[in-house]
file my_file_39.cif (mmCIF, C-alpha atoms (C1' of nucleotides))
data_start
#
loop_
_atom_site.label_atom_id
_atom_site.label_comp_id
_atom_site.auth_asym_id
_atom_site.auth_seq_id
_atom_site.Cartn_x
_atom_site.Cartn_y
_atom_site.Cartn_z
CA MET X 636 89.91 108.22 80.10
CA PRO X 637 92.73 105.97 81.05
CA GLU X 638 94.09 105.74 84.58
CA LEU X 639 96.98 103.67 85.91
CA PRO X 640 95.53 100.20 85.15
CA GLU X 641 94.59 101.12 81.59
CA ILE X 642 97.97 102.73 80.87
CA GLU X 643 99.82 99.81 82.46
CA SER X 644 97.83 97.44 80.24
CA LEU X 645 98.84 99.47 77.19
CA ARG X 646 102.46 99.52 78.34
CA ARG X 647 102.64 95.75 78.63
CA GLN X 648 101.02 95.20 75.26
CA LEU X 649 103.13 97.88 73.57
CA SER X 650 106.27 96.42 75.03
CA ARG X 651 105.48 93.00 73.61
CA VAL X 652 104.59 94.36 70.17
CA LEU X 653 107.16 97.14 69.71
CA LYS X 654 110.33 96.23 71.58
CA GLY X 655 113.23 95.87 69.17
CA GLU X 656 111.19 97.03 66.18
CA ASN X 657 112.29 99.84 63.88
CA ILE X 658 110.12 102.81 63.00
CA GLY X 659 109.59 103.15 59.26
CA LYS X 660 107.94 106.55 59.42
CA ALA X 661 105.76 108.68 61.64
CA GLU X 662 102.79 110.74 60.53
CA VAL X 663 100.98 113.40 62.56
CA TYR X 664 97.50 114.26 61.33
CA ASP X 665 96.49 116.76 64.00
CA ARG X 666 99.12 119.33 64.85
CA LYS X 667 97.42 120.08 68.15
CA ILE X 668 98.65 116.80 69.64
CA GLY X 669 102.29 117.82 69.21
CA ARG X 670 105.17 117.64 66.74
CA LEU X 671 107.69 114.94 65.97
CA PRO X 672 111.24 114.97 64.67
CA ASP X 673 112.29 112.50 61.97
CA LEU X 674 112.05 109.09 63.61
CA GLN X 675 112.92 106.95 60.59
CA GLY X 676 115.08 103.99 61.54
CA ARG X 677 114.74 104.51 65.30
CA THR X 678 114.45 101.34 67.36
CA VAL X 679 112.09 100.93 70.29
CA ALA X 680 114.31 100.08 73.25
CA ALA X 681 111.65 100.03 75.95
CA VAL X 682 108.15 101.20 76.84
CA ARG X 683 107.75 102.66 80.30
CA ARG X 684 104.92 104.12 82.34
CA GLU X 685 105.16 107.21 84.52
CA GLY X 686 101.85 107.65 86.30
CA LYS X 687 99.33 107.97 83.48
CA ALA X 688 101.99 108.82 80.86
CA LEU X 689 103.75 106.41 78.50
CA TRP X 690 107.39 106.74 77.50
CA VAL X 691 108.65 105.02 74.38
CA ASP X 692 112.46 104.91 74.59
CA LEU X 693 114.07 105.11 71.17
CA GLY X 694 117.72 104.64 72.04
CA GLY X 695 120.33 107.30 72.53
CA ASP X 696 118.72 110.04 74.53
CA LEU X 697 115.47 110.16 72.58
CA ALA X 698 112.05 109.16 73.84
CA LEU X 699 108.41 109.81 73.03
CA ARG X 700 106.14 110.87 75.88
CA LEU X 701 102.48 110.16 75.34
CA HIS X 702 99.56 111.21 77.53
CA MET X 703 96.05 110.03 76.60
CA ARG X 704 94.18 112.52 78.83
CA MET X 705 90.42 111.98 78.62
CA SER X 706 89.64 110.27 75.33
CA GLY X 707 92.94 109.09 73.84
CA ARG X 708 93.28 105.50 72.66
CA LEU X 709 96.08 103.49 71.11
CA LEU X 710 95.41 100.84 68.51
CA TRP X 711 97.78 98.30 66.98
CA ARG X 712 96.96 96.69 63.68
CA ALA X 713 99.00 94.38 61.52
CA GLY X 714 97.51 95.45 58.21
CA GLY X 715 96.80 98.88 56.75
CA GLY X 716 93.39 100.16 55.79
CA ALA X 717 91.36 103.31 56.27
CA ARG X 718 92.22 105.42 59.27
CA PRO X 719 89.52 105.49 61.95
CA ALA X 720 87.86 108.86 62.65
CA HIS X 721 89.87 111.12 64.98
CA THR X 722 93.20 109.41 64.26
CA ARG X 723 95.81 111.92 65.48
CA PHE X 724 99.09 110.21 64.58
CA CYS X 725 100.49 106.91 63.35
CA LEU X 726 103.82 105.15 63.76
CA PHE X 727 104.57 102.65 60.99
CA PHE X 728 106.60 99.52 61.66
CA ARG X 729 107.56 96.55 59.49
CA THR X 730 105.17 94.45 61.58
CA GLY X 731 102.21 96.85 61.71
CA GLU X 732 100.92 100.29 62.63
CA LEU X 733 100.40 102.07 65.93
CA LEU X 734 97.50 104.54 65.74
CA CYS X 735 96.40 107.12 68.26
CA VAL X 736 92.69 107.95 68.16
CA ASP X 737 91.48 110.85 70.29
CA PRO X 738 88.05 112.44 69.71
CA ARG X 739 88.39 115.19 72.30
CA ARG X 740 91.90 116.17 71.23
CA PHE X 741 93.30 116.52 74.74
CA ALA X 742 96.02 113.90 74.28
CA THR X 743 99.64 115.04 74.04
CA LEU X 744 102.67 113.64 72.24
CA GLU X 745 106.18 115.00 72.61
CA ALA X 746 109.67 113.95 71.67
CA ARG X 747 111.83 114.40 74.73
CA ARG X 748 115.21 113.51 76.07
CA THR X 749 115.11 110.52 78.39
CA GLU X 750 116.67 112.56 81.15
CA GLU X 751 113.67 114.89 81.07
CA ASP X 752 111.73 112.10 82.75
CA THR X 753 111.37 113.96 86.01
CA ALA X 754 109.26 111.61 88.07
CA ALA X 755 108.80 113.57 91.26
CA ALA X 756 105.75 111.96 92.82
CA PRO X 757 105.68 108.22 93.57
CA ASP X 758 103.57 105.81 91.55
CA ALA X 759 100.36 104.75 93.30
CA LEU X 760 101.42 101.10 92.95
CA GLN X 761 104.65 101.84 94.83
CA VAL X 762 103.10 103.72 97.75
CA LYS X 763 102.91 101.26 100.63
CA ASP X 764 103.55 103.59 103.53
CA ALA X 765 100.44 104.91 105.30
CA ALA X 766 102.58 107.21 107.44
CA TRP X 767 104.00 108.88 104.35
CA LEU X 768 100.52 109.55 102.97
CA GLN X 769 99.34 110.93 106.27
CA LYS X 770 102.33 113.25 106.38
CA ALA X 771 101.60 114.48 102.86
CA ALA X 772 98.00 115.13 103.91
CA GLN X 773 99.00 117.09 106.99
CA GLY X 774 97.11 120.37 107.20
CA ARG X 775 95.30 119.75 103.92
CA ARG X 776 91.60 120.58 104.06
CA LEU X 777 90.73 119.39 100.58
CA PRO X 778 88.59 116.23 100.24
CA VAL X 779 90.59 113.01 100.59
CA LYS X 780 89.36 111.92 97.16
CA THR X 781 90.74 115.06 95.51
CA PHE X 782 93.97 114.51 97.43
CA LEU X 783 94.36 110.95 96.07
CA MET X 784 93.81 112.25 92.52
CA ASP X 785 96.47 114.97 92.84
CA GLN X 786 99.28 113.78 90.54
CA ARG X 787 101.78 116.00 92.37
CA ILE X 788 101.31 113.84 95.48
CA LEU X 789 101.13 110.39 93.90
CA THR X 790 100.56 109.39 90.29
CA GLY X 791 98.10 107.09 88.57
CA ILE X 792 94.79 107.44 90.41
CA GLY X 793 91.90 109.04 88.53
CA ASN X 794 88.20 109.39 89.13
CA ILE X 795 87.01 105.78 88.85
CA TYR X 796 89.74 104.23 90.97
CA ALA X 797 89.62 107.01 93.57
CA CYS X 798 85.95 106.13 94.11
CA GLU X 799 86.66 102.40 94.22
CA ILE X 800 89.64 102.73 96.57
CA LEU X 801 87.75 104.87 99.08
CA TYR X 802 84.81 102.51 98.97
CA ASP X 803 87.12 99.55 99.60
CA ALA X 804 88.69 101.45 102.50
CA ALA X 805 85.23 102.51 103.78
CA VAL X 806 86.27 106.18 103.93
CA ASP X 807 83.92 109.01 102.90
CA PRO X 808 85.46 110.81 99.87
CA HIS X 809 84.36 114.19 101.28
CA ARG X 810 86.50 113.90 104.40
CA ALA X 811 89.22 116.53 104.70
CA ALA X 812 92.53 114.83 103.93
CA ARG X 813 94.03 116.05 107.21
CA SER X 814 91.24 114.43 109.23
CA VAL X 815 91.95 110.89 107.99
CA SER X 816 93.39 108.78 110.80
CA ARG X 817 96.45 106.54 110.62
CA ARG X 818 94.25 103.48 110.70
CA GLU X 819 92.20 104.85 107.80
CA TRP X 820 95.33 105.69 105.79
CA ARG X 821 96.41 102.09 106.34
CA ARG X 822 93.11 100.90 104.93
CA ILE X 823 93.43 103.30 101.99
CA THR X 824 96.98 102.12 101.27
CA GLU X 825 95.88 98.49 101.24
CA ALA X 826 92.80 99.28 99.15
CA MET X 827 94.97 101.16 96.66
CA ALA X 828 97.21 98.14 96.07
CA ARG X 829 94.30 95.72 95.99
CA VAL X 830 92.10 97.71 93.60
CA LEU X 831 94.87 98.80 91.22
CA LYS X 832 96.49 95.36 91.00
CA THR X 833 93.16 93.69 90.33
CA ALA X 834 92.28 96.29 87.71
CA VAL X 835 95.63 95.75 85.95
CA LYS X 836 94.93 92.01 85.86
CA CYS X 837 91.52 92.83 84.38
CA ARG X 838 93.15 95.09 81.74
CA GLY X 839 91.21 98.11 82.95
CA THR X 840 87.63 99.33 83.07
CA SER X 841 85.59 99.48 79.85
CA ILE X 842 82.71 101.56 81.13
CA SER X 843 82.18 103.41 77.90
CA ASP X 844 84.88 103.32 75.28
CA TRP X 845 88.12 102.14 76.83
CA ARG X 846 89.74 99.46 74.68
CA ASP X 847 93.21 97.97 74.98
CA LEU X 848 95.92 98.01 72.30
CA HIS X 849 94.18 95.23 70.40
CA GLY X 850 90.69 96.71 70.64
CA GLU X 851 89.60 94.38 73.44
CA LYS X 852 87.48 95.48 76.40
CA GLY X 853 88.84 95.23 79.91
CA GLU X 854 87.01 93.29 82.64
CA PHE X 855 87.08 95.55 85.69
CA GLN X 856 83.73 97.16 84.84
CA ASN X 857 82.25 93.84 86.03
CA ARG X 858 83.91 94.30 89.40
CA LEU X 859 83.12 97.94 90.16
CA GLN X 860 81.61 98.30 93.64
CA VAL X 861 80.40 101.93 93.59
CA TYR X 862 81.38 103.80 90.44
CA ASP X 863 78.34 104.55 88.26
CA ARG X 864 76.03 102.75 90.72
CA SER X 865 74.09 105.71 92.11
CA GLY X 866 70.69 104.71 93.43
CA GLN X 867 71.69 101.06 93.58
CA THR X 868 72.11 98.96 96.69
CA CYS X 869 75.50 98.97 98.42
CA ARG X 870 77.00 95.50 98.13
CA ARG X 871 78.54 95.77 101.57
CA CYS X 872 75.87 97.22 103.84
CA GLY X 873 72.63 97.37 101.88
CA GLY X 874 72.57 101.19 101.91
CA THR X 875 72.03 103.26 98.78
CA VAL X 876 74.95 104.47 96.66
CA GLN X 877 74.91 108.25 96.20
CA ARG X 878 76.39 110.48 93.54
CA THR X 879 77.83 113.88 94.46
CA VAL X 880 80.31 116.22 92.81
CA LEU X 881 83.82 116.83 94.12
CA GLY X 882 86.29 118.97 92.24
CA GLY X 883 83.86 118.95 89.36
CA ARG X 884 83.94 115.16 89.07
CA GLY X 885 81.13 112.69 89.61
CA THR X 886 81.74 110.98 92.92
CA TYR X 887 80.07 107.75 94.00
CA PHE X 888 79.97 106.52 97.59
CA CYS X 889 77.82 104.81 100.17
CA PRO X 890 76.94 107.26 102.95
CA SER X 891 76.05 104.50 105.37
CA CYS X 892 79.32 102.51 105.33
CA GLN X 893 81.86 105.11 104.13
CA ARG X 894 82.48 107.40 107.10
"C1'" DC O 529 69.20 123.47 75.11
"C1'" DC O 530 70.70 120.71 79.15
"C1'" DC O 531 74.03 117.45 81.27
"C1'" DT O 532 77.77 114.02 81.33
"C1'" DA O 533 82.49 112.02 80.26
"C1'" DT O 534 88.55 107.26 83.02
"C1'" DG O 535 92.59 114.49 82.80
"C1'" DT O 536 95.38 118.44 83.37
"C1'" DT O 537 96.27 123.31 83.72
"C1'" DC O 538 95.27 128.02 84.42
"C1'" DC O 539 93.12 131.78 86.95
"C1'" DC O 540 91.35 133.87 90.92
"C1'" DA O 541 90.07 134.69 95.62
"C1'" DA O 542 91.03 133.90 100.39
"C1'" DC E 1467 103.68 132.35 98.89
"C1'" DT E 1468 100.08 128.61 99.61
"C1'" DT E 1469 95.61 126.57 99.20
"C1'" DG E 1470 91.32 125.13 97.09
"C1'" DG E 1471 87.60 125.81 93.85
"C1'" DG E 1472 86.00 126.49 89.44
"C1'" DA E 1473 86.47 127.23 84.46
"C1'" DA E 1474 88.67 126.04 80.30
"C1'" DC E 1475 90.32 122.96 76.85
"C1'" DA E 1476 87.26 120.03 72.48
"C1'" DT E 1477 84.08 116.63 71.16
"C1'" DA E 1478 80.43 113.18 71.38
"C1'" DG E 1479 76.39 111.18 73.25
"C1'" DG E 1480 72.17 110.87 76.05
#
call {"tool": "encode", "arguments": {"input": "my_file_39.cif", "output": "structure tokens"}}
result
Amino acid sequence: MPELPEIESLRRQLSRVLKGENIGKAEVYDRKIGRLPDLQGRTVAAVRREGKALWVDLGGDLALRLHMRMSGRLLWRAGGGARPAHTRFCLFFRTGELLCVDPRRFATLEARRTEEDTAAAPDALQVKDAAWLQKAAQGRRLPVKTFLMDQRILTGIGNIYACEILYDAAVDPHRAARSVSRREWRRITEAMARVLKTAVKCRGTSISDWRDLHGEKGEFQNRLQVYDRSGQTCRRCGGTVQRTVLGGRGTYFCPSCQR
DNA sequence: CCCTATGTTCCCAA
DNA sequence: CTTGGGAACATAGG
């Protein structure tokens, strides 16, 4: 479920709660999520984000890499108590517990060496160069929306924010990436920064079950312009928001003002 | 039974 | 070899 703004919200909250704290023990309840070495006594040095993945640096060369995929959630609680359904692992600290809950079991957890952090593609919040995007899109016939969601090109954008960004930029998500003009790439670049920064400030989009580290809803669902609004009136031009499918994902856009 | 779901990866055909 | 589309992964909810 989580995209860049949701993961960035988790990162900030995790950093505040975990930095400098020592791990008492780690328990994995679902082997499918991954395996862990003995982490007893390890200290959290930093929490970083790489696209939609979280890195928990544990000093030395050791780090945990966590990816929430579709339904993963992290929950911090000061006290103990019964584990929620679908809890996949737990890290215990003197100050509380960090639980990972993931109904669909797509999330991944791995212990890795810090140097294995091989960030190849730039973070969507760092991309400010329309010319660079246009170059990357050169010759590509795939829909511009699918292009923006390709984590090998740039990282962090998922289905909701791809829809919102293209709406903000007034570009039709079906357009072949290579057909997008420089002016349109400029609009997309600006929309990307605007939408993602605002969504981070709102601590993400709680459309169904996204909750932050402390179980709180985000606020960006109140500011969505197209996502999940099919059949409703476009706030910009009065047209009707349509839903189509691109790359197997529900895609929302306004055919009258996104060209 | 059908469809949908904030993600990634694999397979296949062109 | 590259590109793009679709299925698969696993589970819950409407």
call {"tool": "resolve_selection", "arguments": {"input": "my_file_39.cif", "expression": "the PyMOL selection byres ((chain X) within 10 of (chain E))", "output": "PDB file with C-alpha atoms, in the coordinates of the input"}}
result
ATOM      1  CA  SER X 706      89.640 110.270  75.330  1.00  0.00           C
ATOM      2  CA  ASP X 737      91.480 110.850  70.290  1.00  0.00           C
ATOM      3  CA  PRO X 738      88.050 112.440  69.710  1.00  0.00           C
ATOM      4  CA  ARG X 739      88.390 115.190  72.300  1.00  0.00           C
ATOM      5  CA  ARG X 740      91.900 116.170  71.230  1.00  0.00           C
ATOM      6  CA  PHE X 741      93.300 116.520  74.740  1.00  0.00           C
ATOM      7  CA  ARG X 775      95.300 119.750 103.920  1.00  0.00           C
ATOM      8  CA  ARG X 776      91.600 120.580 104.060  1.00  0.00           C
ATOM      9  CA  LEU X 777      90.730 119.390 100.580  1.00  0.00           C
ATOM     10  CA  PRO X 778      88.590 116.230 100.240  1.00  0.00           C
ATOM     11  CA  LEU X 881      83.820 116.830  94.120  1.00  0.00           C
ATOM     12  CA  GLY X 882      86.290 118.970  92.240  1.00  0.00           C
ATOM     13  CA  GLY X 883      83.860 118.950  89.360  1.00  0.00           C
TER      14      GLY X 883
END
call {"tool": "closest_atom_pairs", "arguments": {"input": "my_file_39.cif", "of": "chain O", "to": "chain X", "cutoff": "12 Å", "atoms": "only C-alpha atoms (C1' of nucleotides)", "output": "Markdown table"}}
result
| residue | atom | partner | partner_atom | distance |
| --- | --- | --- | --- | --- |
| O:DC531 | C1' | X:Gly885 | CA | 11.9 |
| O:DT532 | C1' | X:Gly885 | CA | 9.0 |
| O:DA533 | C1' | X:Met705 | CA | 8.1 |
| O:DT534 | C1' | X:Met636 | CA | 3.4 |
| O:DG535 | C1' | X:Arg704 | CA | 4.7 |
| O:DT536 | C1' | X:Arg704 | CA | 7.6 |
| O:DT537 | C1' | X:Phe741 | CA | 11.6 |
call {"tool": "closest_atom_pairs", "arguments": {"input": "my_file_39.cif", "of": "segment 739-804 of chain X", "to": "segment 658-670 of chain X", "cutoff": "6 Å", "atoms": "all atoms listed in the file", "output": "JSON lines"}}
result
{"residue": "X:Thr743", "atom": "CA", "partner": "X:Ile668", "partner_atom": "CA", "distance": 4.8}
{"residue": "X:Leu744", "atom": "CA", "partner": "X:Gly669", "partner_atom": "CA", "distance": 5.2}
{"residue": "X:Glu745", "atom": "CA", "partner": "X:Gly669", "partner_atom": "CA", "distance": 5.9}
call {"tool": "atom_distance", "arguments": {"input": "my_file_39.cif", "atom1": "atom CA of Arg787 of chain X", "atom2": "atom CA of Ala754 of chain X"}}
result
9.7 Å
call {"tool": "resolve_selection", "arguments": {"input": "my_file_39.cif", "expression": "the PyMOL selection byres ((chain X and resi 709-717) around 8)", "output": "number ranges by chain"}}
result
X: 645, 707-708, 718-719, 730-736, 847-850
call {"tool": "resolve_selection", "arguments": {"input": "my_file_39.cif", "expression": "the PyMOL selection byres ((chain X and resi 805-810) around 10)", "output": "PyMOL selection string"}}
result
chain X and resi 776-783+797-804+811-815+819-820+822-823+826+871+879-881+886-894
call {"tool": "axis_aligned_box", "arguments": {"input": "my_file_39.cif", "around": "segment 1468-1472 of chain E", "padding_each_side": "5 Å", "output": "lines of an AutoDock Vina configuration file"}}
result
center_x = 93.0
center_y = 126.9
center_z = 94.5
size_x = 24.1
size_y = 13.5
size_z = 20.2
call {"tool": "atom_distance", "arguments": {"input": "my_file_39.cif", "atom1": "atom CA of Arg817 of chain X", "atom2": "atom CA of Leu789 of chain X"}}
result
17.8 Å
call {"tool": "atom_distance", "arguments": {"input": "my_file_39.cif", "atom1": "atom CA of Val861 of chain X", "atom2": "atom CA of Ala759 of chain X"}}
result
20.2 Å
call {"tool": "build_atoms", "arguments": {"input": "my_file_39.cif", "residues": "segment 809-820 of chain X", "atoms": "all heavy atoms", "output": "JSON list (two decimals), in the frame of the given file"}}
result
[["chain", "number", "residue", "atom", "x", "y", "z"],
["X", 809, "HIS", "N", 84.43, 112.77, 100.94],
["X", 809, "HIS", "CA", 84.36, 114.19, 101.28],
["X", 809, "HIS", "C", 85.26, 114.58, 102.45],
["X", 809, "HIS", "O", 85.53, 115.76, 102.65],
["X", 809, "HIS", "CB", 82.92, 114.59, 101.67],
["X", 809, "HIS", "CG", 81.91, 114.32, 100.60],
["X", 809, "HIS", "ND1", 81.32, 113.09, 100.45],
["X", 809, "HIS", "CD2", 81.42, 115.11, 99.62],
["X", 809, "HIS", "CE1", 80.47, 113.15, 99.44],
["X", 809, "HIS", "NE2", 80.52, 114.35, 98.91],
["X", 810, "ARG", "N", 85.70, 113.60, 103.21],
["X", 810, "ARG", "CA", 86.50, 113.90, 104.40],
["X", 810, "ARG", "C", 87.72, 114.74, 104.07],
["X", 810, "ARG", "O", 88.44, 114.47, 103.10],
["X", 810, "ARG", "CB", 86.96, 112.59, 105.04],
["X", 810, "ARG", "CG", 85.83, 111.78, 105.68],
["X", 810, "ARG", "CD", 85.70, 112.09, 107.16],
["X", 810, "ARG", "NE", 86.96, 111.87, 107.83],
["X", 810, "ARG", "CZ", 87.43, 110.66, 108.18],
["X", 810, "ARG", "NH1", 86.74, 109.57, 107.93],
["X", 810, "ARG", "NH2", 88.59, 110.55, 108.79],
["X", 811, "ALA", "N", 87.99, 115.75, 104.88],
["X", 811, "ALA", "CA", 89.22, 116.53, 104.70],
["X", 811, "ALA", "C", 90.42, 115.60, 104.83],
["X", 811, "ALA", "O", 90.46, 114.77, 105.75],
["X", 811, "ALA", "CB", 89.28, 117.64, 105.74],
["X", 812, "ALA", "N", 91.37, 115.73, 103.93],
["X", 812, "ALA", "CA", 92.53, 114.83, 103.93],
["X", 812, "ALA", "C", 93.22, 114.81, 105.30],
["X", 812, "ALA", "O", 93.64, 113.76, 105.78],
["X", 812, "ALA", "CB", 93.52, 115.25, 102.84],
["X", 813, "ARG", "N", 93.30, 115.97, 105.93],
["X", 813, "ARG", "CA", 94.03, 116.05, 107.21],
["X", 813, "ARG", "C", 93.30, 115.35, 108.35],
["X", 813, "ARG", "O", 93.88, 115.12, 109.41],
["X", 813, "ARG", "CB", 94.28, 117.50, 107.59],
["X", 813, "ARG", "CG", 93.01, 118.27, 107.89],
["X", 813, "ARG", "CD", 93.37, 119.62, 108.45],
["X", 813, "ARG", "NE", 92.19, 120.31, 108.98],
["X", 813, "ARG", "CZ", 92.26, 121.47, 109.60],
["X", 813, "ARG", "NH1", 93.42, 122.07, 109.77],
["X", 813, "ARG", "NH2", 91.16, 122.04, 110.05],
["X", 814, "SER", "N", 92.01, 115.05, 108.15],
["X", 814, "SER", "CA", 91.24, 114.43, 109.23],
["X", 814, "SER", "C", 91.29, 112.90, 109.18],
["X", 814, "SER", "O", 90.76, 112.22, 110.06],
["X", 814, "SER", "CB", 89.77, 114.88, 109.14],
["X", 814, "SER", "OG", 89.10, 114.17, 108.11],
["X", 815, "VAL", "N", 91.90, 112.35, 108.14],
["X", 815, "VAL", "CA", 91.95, 110.89, 107.99],
["X", 815, "VAL", "C", 92.97, 110.31, 108.97],
["X", 815, "VAL", "O", 94.11, 110.77, 109.03],
["X", 815, "VAL", "CB", 92.31, 110.52, 106.54],
["X", 815, "VAL", "CG1", 92.50, 109.02, 106.39],
["X", 815, "VAL", "CG2", 91.22, 111.03, 105.59],
["X", 816, "SER", "N", 92.54, 109.34, 109.76],
["X", 816, "SER", "CA", 93.39, 108.78, 110.80],
["X", 816, "SER", "C", 94.43, 107.82, 110.22],
["X", 816, "SER", "O", 94.31, 107.37, 109.09],
["X", 816, "SER", "CB", 92.54, 108.03, 111.82],
["X", 816, "SER", "OG", 92.03, 106.83, 111.23],
["X", 817, "ARG", "N", 95.41, 107.47, 111.05],
["X", 817, "ARG", "CA", 96.45, 106.54, 110.62],
["X", 817, "ARG", "C", 95.85, 105.20, 110.20],
["X", 817, "ARG", "O", 96.21, 104.62, 109.18],
["X", 817, "ARG", "CB", 97.47, 106.32, 111.75],
["X", 817, "ARG", "CG", 98.55, 105.30, 111.43],
["X", 817, "ARG", "CD", 99.43, 105.72, 110.27],
["X", 817, "ARG", "NE", 100.09, 106.99, 110.55],
["X", 817, "ARG", "CZ", 101.30, 107.09, 111.11],
["X", 817, "ARG", "NH1", 101.97, 106.01, 111.43],
["X", 817, "ARG", "NH2", 101.83, 108.27, 111.33],
["X", 818, "ARG", "N", 94.91, 104.75, 111.01],
["X", 818, "ARG", "CA", 94.25, 103.48, 110.70],
["X", 818, "ARG", "C", 93.56, 103.55, 109.34],
["X", 818, "ARG", "O", 93.64, 102.62, 108.55],
["X", 818, "ARG", "CB", 93.25, 103.13, 111.80],
["X", 818, "ARG", "CG", 92.35, 101.94, 111.44],
["X", 818, "ARG", "CD", 91.30, 101.72, 112.51],
["X", 818, "ARG", "NE", 91.92, 101.47, 113.81],
["X", 818, "ARG", "CZ", 91.25, 101.41, 114.95],
["X", 818, "ARG", "NH1", 89.94, 101.61, 114.95],
["X", 818, "ARG", "NH2", 91.86, 101.17, 116.08],
["X", 819, "GLU", "N", 92.90, 104.69, 109.08],
["X", 819, "GLU", "CA", 92.20, 104.85, 107.80],
["X", 819, "GLU", "C", 93.19, 104.95, 106.63],
["X", 819, "GLU", "O", 92.95, 104.41, 105.56],
["X", 819, "GLU", "CB", 91.28, 106.07, 107.85],
["X", 819, "GLU", "CG", 90.07, 105.84, 108.74],
["X", 819, "GLU", "CD", 89.31, 107.12, 109.08],
["X", 819, "GLU", "OE1", 89.93, 108.22, 109.11],
["X", 819, "GLU", "OE2", 88.11, 107.02, 109.33],
["X", 820, "TRP", "N", 94.30, 105.63, 106.85],
["X", 820, "TRP", "CA", 95.33, 105.69, 105.79],
["X", 820, "TRP", "C", 95.85, 104.29, 105.50],
["X", 820, "TRP", "O", 96.17, 103.96, 104.36],
["X", 820, "TRP", "CB", 96.47, 106.63, 106.17],
["X", 820, "TRP", "CG", 96.15, 108.07, 105.94],
["X", 820, "TRP", "CD1", 96.11, 109.06, 106.88],
["X", 820, "TRP", "CD2", 95.82, 108.69, 104.69],
["X", 820, "TRP", "NE1", 95.76, 110.26, 106.28],
["X", 820, "TRP", "CE2", 95.57, 110.06, 104.95],
["X", 820, "TRP", "CE3", 95.68, 108.22, 103.38],
["X", 820, "TRP", "CZ2", 95.22, 110.96, 103.94],
["X", 820, "TRP", "CZ3", 95.33, 109.11, 102.38],
["X", 820, "TRP", "CH2", 95.11, 110.46, 102.66]]
